[in-house]
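Notes for the one structure printed next.
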Amino acid sequence: MDSYVIQVNGHGDHSPVLDVHLNTNGNSLSLGKVKGRKPRWAVRASEMSKKTFNPVRAIVDSMKVEPNPKKAMISLSLGDPTVFGNLPTNDEVTQAMKEVLDSGRYNGYAPSVGYKSCREAVAAYYNCPEAPLQAQDVILTSGCSQAIELALAVLANPGQNILVPRPGFSLYKTLALSMGIEVKLYNLLPEKSWEIDLKHLESLVDEKTACLIVNNPSNPCGSVFSKSHLQKILAVASRQCVPILADEIYGDMVFADCKYEPIATLSTNVPILSCGGLAKRWLVPGWRMGWILIHDRRDIFGNEIRDGLLRLSQRILGPCTIVQGALEHILDRTPPEFYHNTLSILKSNADLCYAALSAIPGLQPVQPAGAMYLMVGIEMEHFPEFENDVEFTERLISEQSVFCLPATCFEYPNFFRVVITVPEEMILEACSRIQEFCEMHYQGAEGAQDMECDK
């Protein structure tokens with residue numbers, strides 16, 4: 001048996017640290033002792049993993065409650081439009097995927113930022129004179145969630161802070177805290193259809209503020225900002241020199257009496273990373289196709305941010321290549337009536353739900369203008385047996401088998417969120433059960449006072 005010793009020598013005062021003995025017959029390999037270290041198992045989760053926290057999962061998983069076995073479960077909690085099968089994607093979308101799969105041309109690796117032809121297709125789709133786009137302004141991502149993650153990662157360092165809406169999508173906080181970024185919550189105003197409290201927003205800005213997240217149309221509120229309100233938001237960002245991360249995954253998903261304005265079309269001087277994707281408007285969230293649109297007409301981001309996004313995209317090689325190959329076909333050939341029909345169903349459900357819940361004493365729904373949700377305020381003083389919205393929604397499950405998300409999940413207690421993508425008959429049945437539940441537990445001013453005394 002031939003044996004060799006590979007010695008890694010130290011420098012200066014350092015001793016050799018490792019002897020490796022190799023058997024050239026290939027039968028054995030042994031490592032000598034590492035000096036000063038007694039081998040032992042010590043596998044620990046990383047600090048990043050320990051900082052990663054999803055408030056929705058934490059709250060929902062802690063709701064140890066069984067639905068009423070006498071009533072079929074109606075879930076109004078999950079923002080996935082495919083769950084009940086009543087909102088299928090368009091045939092053109094499906095056909096595009098079939099053709100790409102059959103072609104066999106998209107089975108390999110793509111560039112980390114996506115195929116250039118696919119980025120050109122996205123740029124052409126969203127390009128307009130007010131906010132011009134070219135292929136180099138587009139980065140394709142694995143869903144809008146990864147777009148948001150990359151945008152946050154390129155704009156903020158550990159120790160900095162970001163401004164996040166309250167109520168707002170929980171992922172912003174989940175991602176930021178895992179990266180060591182502080183979250184500052186700015187208020188939305190339910191009495192003003194969830195407009196931003198601009199004074200409160202501006203008061204939160206300091207020298208460590210890395211970006212402002214604007215979600216329009218909104219999850220969880222179903223609100224859509226007017227052009228004038230968006231201009232006021234941009235004025236704050238411009239005064240404070242804070243870039244905007246625009247979560248516009250529900251862009252164009254607004255009801256007929258409303259108009260969607262991409263925020264980048266209203267500003268020439270505030271740099272914006274707009275995040276979107278196929279998930280909601282095309283009703284294919286599982287296909288994981290998202291994008292970042294870089295709007296930087298004053299060259300404030302410059303090469304710094306663009307190069308940073310490129311490097312970050314190289315950590316994982318982008319979204320599914322099959323979906324990339326179908327992207328141009330999907331964007332160009334999906335018929336307008338598909339979008340119109342989807343929005344008609346959503347608006348009809350929103351109107352039914354809003355009207356039904358408005359008639360229930362103790363509830364204060366806020367009329368949505370787009371997206372897939374509406375928020376409902378709970379007048380907790382009229383439901384004194386419940387401590388908070390979490391307990392209210394738990395009991396709604398156990399008594400009526402209706403599951404709505406408590407808005408504590410979105411940092412906004414004493415509200416709950418309703419998803420309006422379910423079939424119409426299910427919306428009506430759910431609202432009927434919610435009415436029965438509220439009538440059972442509602443206490444007028446006098447009754448509520450008595451309950452407080454009993455406590």
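Letters A, B, ... mark the chains of the structure tokens in the order given; residue numbers begin at 1 per chain; ligand numbers begin at 1, in order shown.
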Using only C-alpha atoms, find each residue of range 110-135 of chain A with at least one atom at most 12 Å away from an atom of range 255-279 of chain A; report its shortest atom-to-atom pair and that distance in Å (one decimal), sort the rows by chain and rising residue number, and return the result as a Markdown table.
| residue | atom | partner | partner_atom | distance |
| --- | --- | --- | --- | --- |
| A:Val122 | CA | A:Gly277 | CA | 9.8 |
| A:Tyr126 | CA | A:Pro262 | CA | 9.6 |
| A:Asn127 | CA | A:Thr265 | CA | 9.8 |
| A:Cys128 | CA | A:Thr265 | CA | 8.0 |
| A:Pro129 | CA | A:Thr265 | CA | 8.3 |
| A:Glu130 | CA | A:Thr265 | CA | 4.9 |
| A:Ala131 | CA | A:Thr265 | CA | 5.0 |
| A:Pro132 | CA | A:Thr265 | CA | 8.7 |
| A:Leu133 | CA | A:Ala264 | CA | 10.7 |
Kindly provide the residues of range 29-89 of chain A that approach range 340-347 of chain A to within 10 Å, each paired with its closest atom pair and their distance in Å to one decimal, based on only C-alpha atoms, listed by chain and increasing number, as CSV.
residue,atom,partner,partner_atom,distance
A:Asn86,CA,A:Ile345,CA,9.6
A:Leu87,CA,A:Thr342,CA,7.1
A:Pro88,CA,A:Thr342,CA,9.2
A:Thr89,CA,A:Thr342,CA,9.3
Mind dumping the selected residues with C-alpha atoms as a CSV table (one decimal), in the first residue's frame?
chain,number,residue,atom,x,y,z
A,86,ASN,CA,-64.4,28.7,-10.4
A,87,LEU,CA,-61.6,31.0,-11.7
A,88,PRO,CA,-59.6,29.1,-14.3
A,89,THR,CA,-56.9,30.7,-16.3
Mind dumping a table of every range 259-324 of chain A residue within 7 Å of range 151-160 of chain A, with the nearest atom pair and its distance in Å to one decimal, using only C-alpha atoms, sorted by chain and rising number, as a tab-separated table?
residue	atom	partner	partner_atom	distance
A:Leu273	CA	A:Ala151	CA	6.8
A:Ile305	CA	A:Val154	CA	6.5
A:Gly308	CA	A:Val154	CA	5.9
A:Leu309	CA	A:Val154	CA	6.2
Please dump the current selection as a PDB file, in the first residue's frame; keep C-alpha atoms.
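For reference, result-v1.pdb as written:
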ATOM      1  CA  LEU A 273     -38.602  49.059  -8.227  1.00  0.00           C
ATOM      2  CA  ILE A 305     -28.588  48.912  -7.971  1.00  0.00           C
ATOM      3  CA  GLY A 308     -26.627  44.492  -7.305  1.00  0.00           C
ATOM      4  CA  LEU A 309     -29.837  42.971  -8.636  1.00  0.00           C
TER       5      LEU A 309
END
Worksheet item: Tell me, which residues of range 176-323 of chain A carry DSSP helix (DSSP H, G or I), written as an MDAnalysis selection string?
Response: chainID A and resid 176:178 190:192 198:203 227:240 263:266 285:287 302:313 321:323
Worksheet entry | Neighbour list for range 46-50 of chain A as a PyMOL selection string, cut-off 9 Å, only C-alpha atoms, skip fewer than 3 positions in-chain | chain A and resi 53+177-180
For those residues, write N, CA and C atoms to a file as a compact mmCIF listing (two decimals), in the first residue's frame.
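The new file again_33.txt reads:
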# COMPACT_ATOMS: atom_id res chain seq x y z
N PHE A 53 -39.78 34.69 10.47
CA PHE A 53 -41.02 34.54 11.23
C PHE A 53 -42.18 34.99 10.37
N LEU A 177 -37.08 41.11 8.58
CA LEU A 177 -36.50 40.69 9.86
C LEU A 177 -35.47 39.59 9.67
N SER A 178 -35.68 38.71 8.70
CA SER A 178 -34.70 37.65 8.46
C SER A 178 -33.38 38.23 7.95
N MET A 179 -33.45 39.42 7.33
CA MET A 179 -32.24 40.08 6.80
C MET A 179 -31.65 41.07 7.81
N GLY A 180 -32.24 41.16 8.99
CA GLY A 180 -31.73 42.11 9.98
C GLY A 180 -32.14 43.54 9.70
Item to complete: Give the answer as one residue: which of A:Asn349, A:Thr421, A:Asn68, A:Asn107 has the shortest atom-to-atom distance to Ser398 in chain A, using only C-alpha atoms?
Response: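 Residue with the minimum atom-to-atom distance to Ser398 in chain A: A:Asn68.
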Item to complete: Using DSSP on the backbone, list every residue of range 228-444 of chain A that comes out as strand (DSSP E), and give them as a ChimeraX atom specification.
Response: /A:244-247,272-277,290-295,363-365,373-378,402-403,405-406,415-419
Worksheet entry | Who sits within 8 Å of Cys353 in chain A, only C-alpha atoms, same chain under 4 positions skipped, as a ChimeraX atom specification | /A:349,357,420,427-428,431
I need the residues from that last selection saved to file as a CSV table (one decimal), in the first residue's frame (with C-alpha atoms), if you can.
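Below is the file part_12.csv, written as the result:
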chain,number,residue,atom,x,y,z
A,349,ASN,CA,-68.7,38.9,-5.0
A,357,LEU,CA,-71.9,42.2,6.1
A,420,ILE,CA,-63.8,37.1,-2.5
A,427,ILE,CA,-70.0,33.8,-0.4
A,428,LEU,CA,-73.8,34.0,0.3
A,431,CYS,CA,-72.3,35.7,5.0
Item to complete: For Ile244 in chain A, list every protein, DNA or RNA residue within 6 Å, evaluated using only C-alpha atoms, and leave out those in the same chain fewer than 5 positions away; present the list as number ranges by chain.
Response: A: 211-213, 272
Write a file of the just-selected residues containing C-alpha atoms, as a PDB file, in the first residue's frame.
ATOM      1  CA  CYS A 211     -37.078  52.345   1.127  1.00  0.00           C
ATOM      2  CA  LEU A 212     -40.826  52.838   1.231  1.00  0.00           C
ATOM      3  CA  ILE A 213     -43.084  49.910   0.308  1.00  0.00           C
ATOM      4  CA  ILE A 272     -38.930  52.838  -8.203  1.00  0.00           C
TER       5      ILE A 272
END
Discussion item. My list of candidates is A:Leu327, A:Cys404, A:Leu150, A:Leu198. Which is closest to Lys116 in chain A when distances are computed with only C-alpha atoms?
Written reply: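 When distances to Lys116 in chain A are compared using only C-alpha atoms, the smallest one comes from A:Leu327.
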Practice prompt. Tell me which of A:Val164, A:Leu405, A:Val60, A:Ala121 sits closest to Gln324 in chain A, counting only C-alpha atoms.
Written response: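 The answer is A:Ala121, which sits nearest to Gln324 in chain A.
Minimum atom-to-atom distance to Val419 in chain A, evaluated using only C-alpha atoms, belongs to A:Leu78 out of A:Val65, A:Leu78, A:Ala176, A:Ala124.
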Residue contacts of range 387-391 of chain A (12 Å, only C-alpha atoms) excluding same-chain residues fewer than 5 positions away, as a tab-separated table (two decimals) with C-alpha atoms, in the first residue's frame:
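Saved to part.tsv:
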chain	number	residue	atom	x	y	z
A	56	VAL	CA	-49.84	34.56	9.50
A	58	ALA	CA	-47.75	31.74	13.69
A	59	ILE	CA	-51.29	32.97	14.38
A	60	VAL	CA	-53.15	30.45	12.24
A	61	ASP	CA	-51.12	27.49	13.51
A	62	SER	CA	-51.82	28.52	17.10
A	63	MET	CA	-55.59	28.55	16.48
A	64	LYS	CA	-56.32	25.13	17.97
A	65	VAL	CA	-59.93	24.93	16.90
A	363	LEU	CA	-69.53	44.70	11.76
A	376	VAL	CA	-64.23	43.96	8.01
A	377	GLY	CA	-64.05	45.92	11.25
A	378	ILE	CA	-65.36	44.27	14.43
A	379	GLU	CA	-66.97	46.57	17.00
A	380	MET	CA	-65.41	44.61	19.83
A	381	GLU	CA	-67.34	46.50	22.49
A	382	HIS	CA	-70.47	44.74	21.18
A	396	LEU	CA	-66.53	31.68	14.01
A	397	ILE	CA	-64.74	28.52	12.86
A	398	SER	CA	-65.85	26.33	15.75
A	403	PHE	CA	-62.59	30.64	8.30
A	404	CYS	CA	-61.58	34.29	7.87
A	405	LEU	CA	-58.10	35.56	8.69
A	406	PRO	CA	-57.91	37.72	11.81
A	407	ALA	CA	-56.31	41.03	10.81
A	408	THR	CA	-53.80	40.70	13.65
A	409	CYS	CA	-51.99	38.72	10.92
A	410	PHE	CA	-51.61	42.06	9.13
A	411	GLU	CA	-50.69	44.07	12.26
A	412	TYR	CA	-54.25	45.45	12.44
A	413	PRO	CA	-56.30	44.06	15.34
A	414	ASN	CA	-60.10	43.98	15.57
A	415	PHE	CA	-60.65	43.45	11.84
A	416	PHE	CA	-60.80	40.32	9.73
A	417	ARG	CA	-60.06	39.73	6.04
A	452	GLU	CA	-67.84	44.11	31.60
A	455	LYS	CA	-65.65	40.39	34.45
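Counting only C-alpha atoms, Ser193 in chain A has the following residues at most 9 Å away, ignoring those fewer than 6 positions along the same chain: Cys221, Ser223, Val224, Phe225, Val366, Gln367, Pro368 and Ala369 of chain A.
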Worksheet item: When you draw a straight line from CA of Leu352 in chain A to CA of Arg281 in chain A, how long is it in Å?
Response: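 Computing it gives 21.4 Å between the two atoms.
Proximity ranking of A:Ser218, A:Thr209, A:Ser226, A:Ser348 relative to Cys241 in chain A places A:Thr209 first, based on only C-alpha atoms.
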